[in-house]
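Structure file run11.cif; described as mmCIF, C-alpha atoms.
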```cif
data_run
loop_
_atom_site.label_atom_id
_atom_site.label_comp_id
_atom_site.auth_asym_id
_atom_site.auth_seq_id
_atom_site.Cartn_x
_atom_site.Cartn_y
_atom_site.Cartn_z
CA MET W 5 19.21 18.19 19.69
CA SER W 6 16.59 20.47 21.18
CA VAL W 7 13.27 19.14 19.92
CA VAL W 8 10.24 20.39 21.89
CA TYR W 9 6.80 18.78 21.71
CA LEU W 10 4.16 21.51 22.03
CA LYS W 11 1.48 18.83 21.72
CA ARG W 12 1.54 15.05 22.02
CA GLY W 13 -0.99 12.35 21.24
CA LYS W 14 -2.11 9.53 23.51
CA PRO W 15 0.68 7.46 25.16
CA GLU W 16 2.18 4.64 23.11
CA ILE W 17 1.08 2.04 25.67
CA GLU W 18 -2.58 2.97 25.07
CA LYS W 19 -2.13 2.63 21.31
CA GLN W 20 -0.61 -0.84 21.84
CA GLN W 21 -3.56 -1.88 23.99
CA ASP W 22 -5.92 -0.79 21.23
CA ASP W 23 -3.91 -2.89 18.76
CA LEU W 24 -4.20 -5.99 20.95
CA LYS W 25 -7.99 -5.69 21.07
CA ILE W 26 -8.15 -5.36 17.29
CA ARG W 27 -5.82 -8.34 16.83
CA SER W 28 -8.07 -10.59 18.89
CA VAL W 29 -11.26 -9.59 17.03
CA VAL W 30 -9.63 -10.16 13.65
CA GLU W 31 -8.14 -13.52 14.64
CA GLU W 32 -11.52 -14.90 15.70
CA ALA W 33 -13.26 -13.58 12.58
CA LEU W 34 -10.70 -15.13 10.22
CA LYS W 35 -10.95 -18.49 11.99
CA ASP W 36 -14.71 -18.34 11.55
CA ILE W 37 -14.43 -17.58 7.83
CA ALA W 38 -11.91 -20.37 7.34
CA SER W 39 -14.20 -22.93 9.00
CA ARG W 40 -17.68 -21.80 7.90
CA GLY W 41 -17.10 -19.91 4.66
CA ASP W 42 -20.07 -18.05 3.19
CA ILE W 43 -22.19 -18.45 6.33
CA ALA W 44 -19.56 -16.73 8.47
CA VAL W 45 -19.06 -13.98 5.88
CA ARG W 46 -22.80 -13.25 5.83
CA GLU W 47 -23.05 -13.19 9.63
CA LEU W 48 -20.09 -10.81 9.89
CA SER W 49 -21.57 -8.53 7.23
CA GLU W 50 -24.86 -8.45 9.12
CA LYS W 51 -23.03 -7.76 12.40
CA PHE W 52 -20.66 -5.04 11.26
CA ASP W 53 -22.39 -3.49 8.22
CA LYS W 54 -26.06 -4.41 8.75
CA TYR W 55 -26.02 -5.65 5.14
CA SER W 56 -27.15 -9.07 3.86
CA PRO W 57 -28.22 -9.12 0.19
CA PRO W 58 -29.24 -12.28 -1.68
CA ASP W 59 -25.84 -12.24 -3.39
CA PHE W 60 -22.83 -10.13 -2.41
CA ARG W 61 -21.50 -10.27 -5.98
CA LEU W 62 -23.01 -7.71 -8.34
CA SER W 63 -24.24 -8.87 -11.74
CA LEU W 64 -23.47 -6.85 -14.86
CA PRO W 65 -27.07 -5.52 -15.06
CA GLU W 66 -26.82 -4.42 -11.42
CA ILE W 67 -23.51 -2.67 -12.14
CA GLU W 68 -24.95 -0.93 -15.19
CA ALA W 69 -28.01 0.20 -13.22
CA LEU W 70 -25.78 1.72 -10.54
CA MET W 71 -23.64 3.47 -13.16
CA GLU W 72 -26.75 5.11 -14.61
CA ARG W 73 -27.23 6.86 -11.26
CA VAL W 74 -23.87 8.64 -11.55
CA SER W 75 -24.20 12.21 -12.81
CA PRO W 76 -22.43 13.22 -16.05
CA ARG W 77 -20.06 15.53 -14.13
CA ASP W 78 -19.15 12.82 -11.61
CA MET W 79 -18.63 10.32 -14.43
CA GLU W 80 -16.34 12.77 -16.22
CA ASP W 81 -14.36 13.38 -13.04
CA ILE W 82 -13.97 9.65 -12.36
CA LYS W 83 -12.71 9.06 -15.90
CA PHE W 84 -10.31 12.00 -15.65
CA ALA W 85 -8.82 10.73 -12.39
CA GLN W 86 -8.47 7.20 -13.74
CA GLU W 87 -6.69 8.47 -16.81
CA GLN W 88 -4.11 10.26 -14.64
CA VAL W 89 -3.52 7.13 -12.57
CA ARG W 90 -3.40 4.95 -15.69
CA ASN W 91 -0.91 7.20 -17.47
CA PHE W 92 1.51 7.25 -14.53
CA ALA W 93 1.14 3.49 -13.99
CA ARG W 94 1.90 2.87 -17.68
CA ALA W 95 5.03 5.00 -17.44
CA GLN W 96 6.09 3.00 -14.38
CA ARG W 97 5.38 -0.27 -16.20
CA ASP W 98 7.43 0.86 -19.18
CA SER W 99 10.38 1.44 -16.85
CA MET W 100 10.38 -2.25 -15.87
CA GLN W 101 12.09 -4.23 -18.59
CA ASP W 102 12.62 -7.93 -19.06
CA ILE W 103 16.34 -8.54 -19.47
CA GLU W 104 18.57 -11.23 -20.96
CA LEU W 105 22.34 -11.11 -21.22
CA GLU W 106 25.30 -13.37 -21.84
CA THR W 107 27.45 -13.04 -18.71
CA LEU W 108 30.11 -15.47 -19.95
CA PRO W 109 30.46 -17.16 -23.34
CA GLY W 110 27.58 -19.63 -23.48
CA VAL W 111 25.98 -18.53 -20.17
CA ILE W 112 22.63 -16.75 -20.54
CA LEU W 113 20.90 -15.07 -17.57
CA GLY W 114 17.67 -13.14 -17.57
CA HIS W 115 14.51 -12.18 -15.79
CA LYS W 116 10.86 -11.79 -16.72
CA ASN W 117 8.24 -9.60 -15.07
CA ILE W 118 5.10 -11.72 -14.71
CA PRO W 119 1.78 -10.36 -13.37
CA VAL W 120 0.32 -11.81 -10.19
CA GLN W 121 -2.46 -14.07 -11.48
CA SER W 122 -5.28 -12.99 -9.16
CA VAL W 123 -5.64 -9.93 -6.96
CA GLY W 124 -8.24 -8.83 -4.44
CA CYS W 125 -8.66 -5.05 -4.26
CA TYR W 126 -10.23 -3.63 -1.12
CA VAL W 127 -11.94 -0.24 -1.44
CA PRO W 128 -13.01 1.35 1.88
CA GLY W 129 -16.45 2.88 1.87
CA GLY W 130 -18.50 2.34 5.00
CA LYS W 131 -18.01 5.85 6.38
CA PHE W 132 -16.79 7.69 3.29
CA PRO W 133 -17.18 6.15 -0.19
CA MET W 134 -13.53 5.98 -1.25
CA VAL W 135 -13.98 6.26 -5.00
CA ALA W 136 -10.30 7.08 -5.49
CA SER W 137 -9.16 3.83 -3.89
CA ALA W 138 -10.70 1.94 -6.79
CA HIS W 139 -8.51 3.90 -9.20
CA MET W 140 -5.39 3.20 -7.19
CA SER W 141 -5.77 -0.57 -6.90
CA VAL W 142 -7.99 -1.75 -9.75
CA VAL W 143 -6.61 0.52 -12.49
CA THR W 144 -3.01 -0.15 -11.48
CA ALA W 145 -3.56 -3.93 -11.40
CA SER W 146 -5.16 -3.70 -14.83
CA VAL W 147 -2.17 -1.83 -16.26
CA ALA W 148 0.09 -4.53 -14.82
CA GLY W 149 -1.90 -7.16 -16.74
CA VAL W 150 -3.39 -9.08 -13.81
CA PRO W 151 -5.80 -11.60 -15.42
CA ARG W 152 -8.26 -11.82 -12.50
CA ILE W 153 -9.07 -8.69 -10.49
CA ILE W 154 -11.79 -8.85 -7.87
CA ALA W 155 -12.90 -5.83 -5.88
CA CYS W 156 -14.73 -5.52 -2.57
CA THR W 157 -16.31 -2.49 -0.95
CA PRO W 158 -18.83 -2.23 1.91
CA ALA W 159 -22.36 -0.97 1.50
CA PHE W 160 -22.78 2.77 1.96
CA LYS W 161 -25.94 3.76 3.80
CA GLY W 162 -27.38 0.33 3.20
CA GLU W 163 -26.68 -0.09 -0.51
CA PRO W 164 -23.84 -0.24 -3.05
CA ASN W 165 -22.36 3.19 -3.69
CA PRO W 166 -22.88 3.99 -7.40
CA ALA W 167 -19.71 6.05 -7.79
CA VAL W 168 -17.47 3.43 -6.16
CA ILE W 169 -18.98 0.62 -8.24
CA THR W 170 -18.56 2.74 -11.37
CA ALA W 171 -14.90 3.34 -10.59
CA MET W 172 -14.32 -0.38 -9.98
CA HIS W 173 -16.01 -1.36 -13.24
CA LEU W 174 -14.34 1.29 -15.39
CA GLY W 175 -11.03 0.49 -13.73
CA GLY W 176 -11.15 -3.10 -14.95
CA ALA W 177 -12.48 -5.26 -12.09
CA HIS W 178 -13.67 -8.66 -13.28
CA GLU W 179 -15.74 -9.43 -10.15
CA ILE W 180 -17.30 -6.88 -7.79
CA TYR W 181 -18.60 -7.74 -4.32
CA VAL W 182 -20.44 -5.44 -1.91
CA LEU W 183 -18.59 -6.68 1.12
CA GLY W 184 -16.52 -4.81 3.69
CA GLY W 185 -14.06 -5.10 6.53
CA ILE W 186 -12.58 -8.31 7.92
CA GLN W 187 -15.17 -10.40 6.10
CA ALA W 188 -14.11 -9.03 2.70
CA ILE W 189 -10.41 -9.51 3.37
CA GLY W 190 -10.96 -13.01 4.77
CA ALA W 191 -13.23 -14.09 1.91
CA MET W 192 -10.79 -12.90 -0.75
CA ALA W 193 -7.75 -14.48 0.89
CA LEU W 194 -9.20 -17.71 2.29
CA GLY W 195 -11.93 -18.29 -0.26
CA THR W 196 -15.47 -19.50 0.37
CA GLU W 197 -17.95 -21.71 -1.43
CA THR W 198 -18.75 -18.84 -3.81
CA ILE W 199 -15.53 -16.78 -3.88
CA GLU W 200 -12.35 -18.27 -5.29
CA PRO W 201 -9.32 -17.14 -3.24
CA VAL W 202 -6.81 -14.69 -4.68
CA HIS W 203 -3.02 -14.71 -4.67
CA MET W 204 -2.62 -11.14 -3.38
CA LEU W 205 -4.54 -8.52 -1.39
CA VAL W 206 -4.16 -4.77 -1.94
CA GLY W 207 -5.80 -1.58 -0.81
CA PRO W 208 -6.09 0.63 2.27
CA GLY W 209 -8.56 0.29 5.12
CA ASN W 210 -9.18 0.81 8.80
CA ALA W 211 -7.21 -0.82 11.60
CA PHE W 212 -9.24 -4.05 11.31
CA VAL W 213 -8.55 -4.35 7.59
CA ALA W 214 -4.84 -3.68 8.09
CA GLU W 215 -4.67 -6.29 10.87
CA ALA W 216 -6.50 -8.85 8.73
CA LYS W 217 -3.98 -8.33 5.95
CA ARG W 218 -1.13 -8.68 8.44
CA GLN W 219 -2.46 -11.96 9.78
CA LEU W 220 -3.05 -13.36 6.29
CA PHE W 221 0.34 -12.35 4.89
CA GLY W 222 2.18 -15.47 3.83
CA ARG W 223 -0.95 -17.30 2.85
CA VAL W 224 -1.39 -14.52 0.30
CA GLY W 225 0.79 -11.63 -0.71
CA ILE W 226 -0.09 -8.11 0.35
CA ASP W 227 0.86 -4.73 -0.98
CA LEU W 228 1.73 -3.24 2.40
CA LEU W 229 0.19 -2.62 5.80
CA ALA W 230 -1.85 0.43 4.87
CA GLY W 231 -3.68 1.28 8.06
CA PRO W 232 -5.33 4.53 9.22
CA THR W 233 -4.26 7.62 7.30
CA GLU W 234 -1.26 9.56 8.58
CA THR W 235 -0.07 13.03 7.65
CA LEU W 236 2.96 15.12 8.50
CA VAL W 237 3.28 18.81 7.68
CA ILE W 238 6.80 20.25 7.58
CA ALA W 239 6.68 24.04 7.40
CA ASP W 240 8.55 27.24 8.11
CA ASP W 241 7.59 30.90 8.04
CA THR W 242 7.15 30.89 4.26
CA VAL W 243 3.54 29.72 4.83
CA ASP W 244 0.79 30.70 7.24
CA ALA W 245 -1.11 28.93 9.99
CA GLU W 246 -4.32 28.59 8.00
CA MET W 247 -2.61 26.48 5.36
CA CYS W 248 -0.83 24.32 7.94
CA ALA W 249 -3.97 23.75 10.01
CA THR W 250 -6.05 22.99 6.93
CA ASP W 251 -3.57 20.39 5.73
CA LEU W 252 -3.47 18.74 9.16
CA LEU W 253 -7.24 18.52 9.62
CA GLY W 254 -7.79 17.60 5.97
CA GLN W 255 -6.35 14.18 6.79
CA ALA W 256 -7.39 13.92 10.45
CA GLU W 257 -11.01 13.72 9.30
CA HIS W 258 -10.36 10.23 7.88
CA GLY W 259 -10.95 8.49 11.20
CA TYR W 260 -10.70 8.66 14.96
CA ASN W 261 -7.15 7.29 14.90
CA SER W 262 -5.54 9.19 12.03
CA PRO W 263 -2.20 10.68 13.18
CA ALA W 264 -1.47 14.24 12.11
CA ALA W 265 1.91 15.76 13.03
CA PHE W 266 3.31 19.24 12.52
CA VAL W 267 7.06 19.86 12.46
CA THR W 268 8.38 23.41 12.28
CA ASN W 269 11.30 25.62 13.27
CA SER W 270 9.00 28.56 14.02
CA ARG W 271 7.41 28.84 17.46
CA ARG W 272 5.19 31.63 16.20
CA LEU W 273 3.86 29.44 13.37
CA ALA W 274 3.42 26.48 15.72
CA GLU W 275 1.38 28.45 18.22
CA LYS W 276 -0.73 30.14 15.55
CA THR W 277 -1.36 26.75 13.87
CA LEU W 278 -2.62 25.32 17.16
CA GLN W 279 -5.01 28.27 17.43
CA GLU W 280 -6.09 27.86 13.82
CA VAL W 281 -6.79 24.15 14.31
CA ASP W 282 -9.10 25.04 17.21
CA ARG W 283 -10.88 27.63 15.05
CA LEU W 284 -11.34 25.27 12.10
CA LEU W 285 -12.73 22.57 14.38
CA THR W 286 -15.64 24.89 15.17
CA ILE W 287 -16.69 25.08 11.50
CA LEU W 288 -15.44 21.88 9.81
CA PRO W 289 -18.42 19.62 8.96
CA THR W 290 -16.33 16.53 9.79
CA ALA W 291 -15.07 18.03 13.07
CA GLU W 292 -16.64 15.28 15.16
CA THR W 293 -14.09 12.84 13.75
CA ALA W 294 -11.19 15.22 13.22
CA ARG W 295 -11.41 16.60 16.78
CA VAL W 296 -10.97 13.15 18.34
CA SER W 297 -8.18 12.25 15.94
CA TRP W 298 -6.34 15.52 16.63
CA ALA W 299 -6.77 15.20 20.40
CA ASP W 300 -5.51 11.60 20.56
CA TYR W 301 -3.04 11.46 17.68
CA GLY W 302 -2.08 15.05 16.85
CA GLU W 303 1.48 16.24 17.53
CA VAL W 304 3.28 19.57 17.18
CA VAL W 305 7.07 19.43 17.21
CA LEU W 306 9.26 22.53 17.44
CA CYS W 307 12.83 22.21 16.14
CA ASP W 308 15.84 24.52 16.13
CA SER W 309 17.03 23.84 12.59
CA TYR W 310 16.10 22.31 9.25
CA GLU W 311 18.45 19.42 10.01
CA GLU W 312 16.45 18.68 13.17
CA MET W 313 13.21 18.92 11.22
CA LEU W 314 14.57 16.40 8.72
CA SER W 315 15.69 14.03 11.49
CA VAL W 316 12.31 14.16 13.24
CA ALA W 317 10.47 13.68 9.95
CA ASN W 318 12.53 10.61 9.06
CA GLU W 319 11.87 9.19 12.53
CA ILE W 320 8.10 9.74 12.21
CA ALA W 321 8.18 8.15 8.71
CA SER W 322 4.67 9.38 7.96
CA GLU W 323 2.47 8.11 5.17
CA HIS W 324 1.91 11.59 3.69
CA VAL W 325 4.51 14.34 4.07
CA GLN W 326 3.53 17.89 3.08
CA VAL W 327 6.65 20.07 2.75
CA MET W 328 6.22 23.86 2.65
CA THR W 329 9.57 25.55 3.28
CA ASP W 330 12.15 27.72 1.59
CA ARG W 331 14.06 24.52 0.67
CA ASP W 332 11.52 21.93 -0.46
CA ASP W 333 13.93 20.28 -2.91
CA TRP W 334 16.46 19.85 -0.09
CA PHE W 335 13.89 17.74 1.76
CA LEU W 336 13.21 15.79 -1.45
CA GLU W 337 16.92 15.08 -1.75
CA ASN W 338 17.48 14.13 1.88
CA MET W 339 14.29 12.51 3.18
CA THR W 340 14.56 8.72 3.28
CA CYS W 341 11.56 7.43 5.28
CA TYR W 342 8.03 8.34 4.13
CA GLY W 343 5.14 7.19 1.98
CA ALA W 344 4.83 10.07 -0.48
CA LEU W 345 6.07 13.68 -0.57
CA PHE W 346 3.93 16.68 -1.48
CA LEU W 347 6.25 19.56 -2.23
CA GLY W 348 5.36 23.23 -1.97
CA PRO W 349 2.22 25.13 -0.93
CA ARG W 350 0.60 24.66 -4.35
CA THR W 351 0.61 20.91 -3.81
CA ASN W 352 -1.46 19.10 -1.21
CA VAL W 353 -2.12 15.58 0.02
CA SER W 354 -5.65 15.55 -1.37
CA ASN W 355 -4.20 15.84 -4.88
CA GLY W 356 -2.40 12.56 -4.37
CA ASP W 357 -5.39 11.00 -2.64
CA LYS W 358 -7.84 11.71 -5.43
CA VAL W 359 -6.60 12.76 -8.83
CA ILE W 360 -3.02 13.75 -9.63
CA GLY W 361 -1.91 10.27 -10.73
CA THR W 362 0.45 8.93 -8.08
CA ASN W 363 -0.88 6.07 -5.97
CA HIS W 364 -2.48 6.86 -2.62
CA THR W 365 -2.07 3.40 -1.07
CA LEU W 366 1.00 4.16 1.03
CA PRO W 367 2.96 2.71 3.97
CA THR W 368 1.81 3.62 7.48
CA ARG W 369 3.12 2.94 11.01
CA LYS W 370 6.72 3.68 10.02
CA ALA W 371 6.67 1.09 7.21
CA GLY W 372 8.10 3.81 4.96
CA ARG W 373 11.45 2.87 6.49
CA TYR W 374 11.50 -0.32 4.40
CA THR W 375 8.91 -0.05 1.62
CA GLY W 376 7.33 2.41 -0.74
CA GLY W 377 3.65 2.54 -1.66
CA LEU W 378 1.48 0.59 -4.06
CA TRP W 379 2.56 0.91 -7.68
CA VAL W 380 2.35 -1.14 -10.84
CA GLY W 381 5.49 -3.06 -9.85
CA LYS W 382 3.73 -4.52 -6.79
CA PHE W 383 1.53 -6.52 -9.16
CA LEU W 384 4.52 -7.92 -11.05
CA LYS W 385 6.79 -10.74 -9.94
CA THR W 386 10.34 -10.64 -11.25
CA HIS W 387 11.43 -14.20 -12.02
CA SER W 388 14.95 -15.08 -13.07
CA TYR W 389 16.03 -17.79 -15.49
CA GLN W 390 19.31 -19.18 -16.73
CA LYS W 391 20.56 -21.43 -19.51
CA ILE W 392 23.94 -22.72 -20.67
CA THR W 393 24.27 -23.13 -24.39
CA THR W 394 27.78 -24.56 -24.94
CA ASP W 395 29.69 -27.61 -23.70
CA GLU W 396 32.63 -25.43 -22.70
CA ALA W 397 30.49 -23.20 -20.50
CA ALA W 398 28.79 -26.21 -18.86
CA ALA W 399 32.18 -27.69 -17.96
CA GLU W 400 33.69 -24.41 -16.75
CA ILE W 401 30.74 -23.36 -14.57
CA GLY W 402 30.35 -26.97 -13.43
CA ALA W 403 33.92 -27.12 -12.14
CA TYR W 404 33.53 -23.91 -10.12
CA CYS W 405 30.15 -25.07 -8.83
CA SER W 406 31.45 -28.48 -7.79
CA ARG W 407 34.32 -27.06 -5.75
CA LEU W 408 32.06 -24.48 -4.05
CA CYS W 409 29.53 -27.21 -3.18
CA MET W 410 32.23 -29.37 -1.61
CA LEU W 411 33.46 -26.31 0.32
CA GLU W 412 30.07 -26.36 2.04
CA GLY W 413 29.87 -30.14 2.34
CA PHE W 414 27.03 -30.60 -0.15
CA VAL W 415 28.12 -33.74 -1.99
CA GLY W 416 24.81 -34.20 -3.80
CA HIS W 417 24.94 -30.62 -5.01
CA ALA W 418 28.48 -31.19 -6.23
CA GLU W 419 27.46 -34.29 -8.14
CA GLN W 420 24.87 -32.28 -10.09
CA ALA W 421 27.76 -30.14 -11.30
CA ASN W 422 30.16 -33.07 -11.75
CA LEU W 423 27.68 -34.88 -14.01
CA ARG W 424 27.77 -31.91 -16.40
CA VAL W 425 31.56 -31.77 -16.26
CA ARG W 426 31.71 -35.48 -17.17
CA ARG W 427 29.14 -35.17 -19.94
CA TYR W 428 30.30 -31.96 -21.53
CA GLY W 429 33.93 -31.58 -20.44
CA ARG W 430 37.07 -33.49 -21.34
CA ARG W 431 37.96 -34.78 -17.85
CA GLU W 432 36.34 -37.59 -15.89
CA VAL W 433 35.24 -36.70 -12.35
CA GLY W 434 34.26 -39.46 -9.89
CA TYR W 435 31.20 -39.41 -7.62
CA GLY W 436 31.70 -37.03 -4.67
CA GLN W 437 35.00 -35.79 -6.09
CA ALA W 438 35.18 -32.07 -6.78
CA ALA W 439 36.16 -31.12 -10.30
CA GLU W 440 39.67 -29.75 -10.45
#
```
In structure tokens, what does this structure look like?
Amino acid sequence: MSVVYLKRGKPEIEKQQDDLKIRSVVEEALKDIASRGDIAVRELSEKFDKYSPPDFRLSLPEIEALMERVSPRDMEDIKFAQEQVRNFARAQRDSMQDIELETLPGVILGHKNIPVQSVGCYVPGGKFPMVASAHMSVVTASVAGVPRIIACTPAFKGEPNPAVITAMHLGGAHEIYVLGGIQAIGAMALGTETIEPVHMLVGPGNAFVAEAKRQLFGRVGIDLLAGPTETLVIADDTVDAEMCATDLLGQAEHGYNSPAAFVTNSRRLAEKTLQEVDRLLTILPTAETARVSWADYGEVVLCDSYEEMLSVANEIASEHVQVMTDRDDWFLENMTCYGALFLGPRTNVSNGDKVIGTNHTLPTRKAGRYTGGLWVGKFLKTHSYQKITTDEAAAEIGAYCSRLCMLEGFVGHAEQANLRVRRYGRREVGYGQAAE
């Protein structure tokens, strides 16, 4: 394998040190919320967001007043995007069927898909008001039938962002709080005097939000560890450097630690893309952020073959993977580790982020090796059930069960089965004796 890195990001050891600092801050904040509730939440909001309203929860009149500030065009666009997300989520929900079948005469097995009963949706918005994140979490939870959906988002420039609040309300949120960061995640998961805790947390966020979700997992469910945005562009000479550079920086602007990687089998395209990135950074309005992100987390990888490109891409396991080659469907068929694929030059990651209908809450930090992104199924729990309807089946299954329990030394387990054999079968079985 002859993979060449034309550009690397900061060393892994430095990234790990950054993670340790974040872990410590989050741990202390969550302890504070657990012990002091609303007081701690307010102090953290004042500290991190400089925001301390009389009540973090918005009333319906407050929500309606904010919605009136949204322009007709923006309102139309929000509704259009939500309809795309809702339609795809409904199709996904329809693919998940409850089942019941008779596996043996008199033996009925089945499963039911039951919605999680309460979900906390986090919508980032301190730096950029992430309107689309409300669609992805709130709308999808609503389609799944979650009976209590609460949504949190930080203040934007000192006040609730009208477009974000509109998206939350139209999406189906039952409670809306103007609360961000660790304090929002901690309040939703741990509960306070005024916020009832939820069963599950979903939604993307910065490194502090992702770490808070990681530390709270187990106490509550989470969708996935959706940390800082990642993007990977896989390209060959069928596209030009402007398109590659634009797609890299289009995601690098998210934050100072948003990885953007470029994998290609063309040295000419790699070198021209590096030049084009430099050019775009002189004119991009968000260059202050994107420049730092590209310097510290940008990578350019030159490969000899498409097979090498595939191998490197699967190893990176990026959240977003933009594929622009002469064999896009080959990558679709063979890629195994990623968050979401965006195939062909007509497609782009922003489509998925904002409007096309697939969910943009996706696995980061190589989590695409073992999980996909947020979808309607994440809000549903598949619970099995079983029942035996005939005496003959109770005796037959009971005899097998009894012998298998005794094979493991579980006498009490065996007696559960033996009791059914005695009651419903024709042969007597003594205590602790496996049914023949």
Seminar exercise, completed: Taken to one decimal, the CA of Pro128 in chain W-CA of Glu179 in chain W distance is 16.4 Å
Exercise. Restricting the calculation to only C-alpha atoms, which member of W:Lys131, W:Arg272, W:Lys358, W:His203 is positioned closest to Ala85 in chain W?
Worked result: W:Lys358
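We find CA of Ala148 in chain W and CA of Tyr181 in chain W to be spaced 21.7 Å apart.
Every residue that the PyMOL selection byres ((chain W and resi 13) around 10) selects in this file is listed here: Lys11, Arg12, Lys14, Pro15, Glu16, Lys19, Pro263, Ala264, Ala265, Ser297, Trp298, Ala299, Asp300, Tyr301, Gly302, Glu303 and Val304 of chain W.
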Listed atoms of range 116-121 of chain W boxed axis-aligned with 5 Å per side, centre + edges as AutoDock Vina command-line options:
```
--center_x 4.2 --center_y -11.8 --center_z -13.5 --size_x 23.3 --size_y 14.5 --size_z 16.5
```
For this session: Show me as an MDAnalysis selection string the residues that reach within 6 Å of (-9.0, -11.0, -2.5), counting only C-alpha atoms and using the file's own coordinates.
Result: chainID W and resid 123:124 192:193 202 205
Dump of C-alpha atoms for the selected residues, as an mmCIF file, keeping the file's coordinate frame:
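The new file again_21.cif reads:
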```cif
data_model
loop_
_atom_site.group_PDB
_atom_site.id
_atom_site.type_symbol
_atom_site.label_atom_id
_atom_site.label_comp_id
_atom_site.auth_asym_id
_atom_site.auth_seq_id
_atom_site.Cartn_x
_atom_site.Cartn_y
_atom_site.Cartn_z
ATOM 1 C CA VAL W 123 -5.640 -9.930 -6.960
ATOM 2 C CA GLY W 124 -8.240 -8.830 -4.440
ATOM 3 C CA MET W 192 -10.790 -12.900 -0.750
ATOM 4 C CA ALA W 193 -7.750 -14.480 0.890
ATOM 5 C CA VAL W 202 -6.810 -14.690 -4.680
ATOM 6 C CA LEU W 205 -4.540 -8.520 -1.390
#
```
For this session: Name the residues, using the chain letters and numbers of the file, that sit within 6 Å of (-1.8, 5.7, -10.7) when counting all atoms listed in the file, and give them as a VMD selection string.
Result: chain W and resid 89 to 90 92 to 93 140 361 to 363
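Take the PyMOL selection byres ((chain W and resi 374) around 12) and apply it to this file: it picks Leu228, Leu229, Asn318, Ala321, Thr340, Cys341, Tyr342, Gly343, Leu366, Pro367, Thr368, Arg369, Lys370, Ala371, Gly372, Arg373, Thr375, Gly376 and Gly377 of chain W.
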Seminar exercise, completed: In Å and to one decimal, CA of Val45 in chain W is distant from CA of Gln187 in chain W by 5.3 Å
If we count all atoms listed in the file and set the cut-off at 8 Å, which residues sit around Met172 in chain W, ignoring sequence neighbours fewer than 4 positions away in its own chain? Please answer as a tab-separated table (two decimals) with C-alpha atoms, in the coordinates of the input.
```
chain	number	residue	atom	x	y	z
W	138	ALA	CA	-10.70	1.94	-6.79
W	139	HIS	CA	-8.51	3.90	-9.20
W	142	VAL	CA	-7.99	-1.75	-9.75
W	155	ALA	CA	-12.90	-5.83	-5.88
W	168	VAL	CA	-17.47	3.43	-6.16
W	176	GLY	CA	-11.15	-3.10	-14.95
W	177	ALA	CA	-12.48	-5.26	-12.09
W	180	ILE	CA	-17.30	-6.88	-7.79
```
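Applied to the file shown here, the PyMOL selection byres ((chain W and resi 252) around 8) selects the residues W:Thr235, W:Leu236, W:Val237, W:Cys248, W:Ala249, W:Thr250, W:Asp251, W:Leu253, W:Gly254, W:Gln255, W:Ala256, W:Ala264, W:Ala265, W:Phe266.
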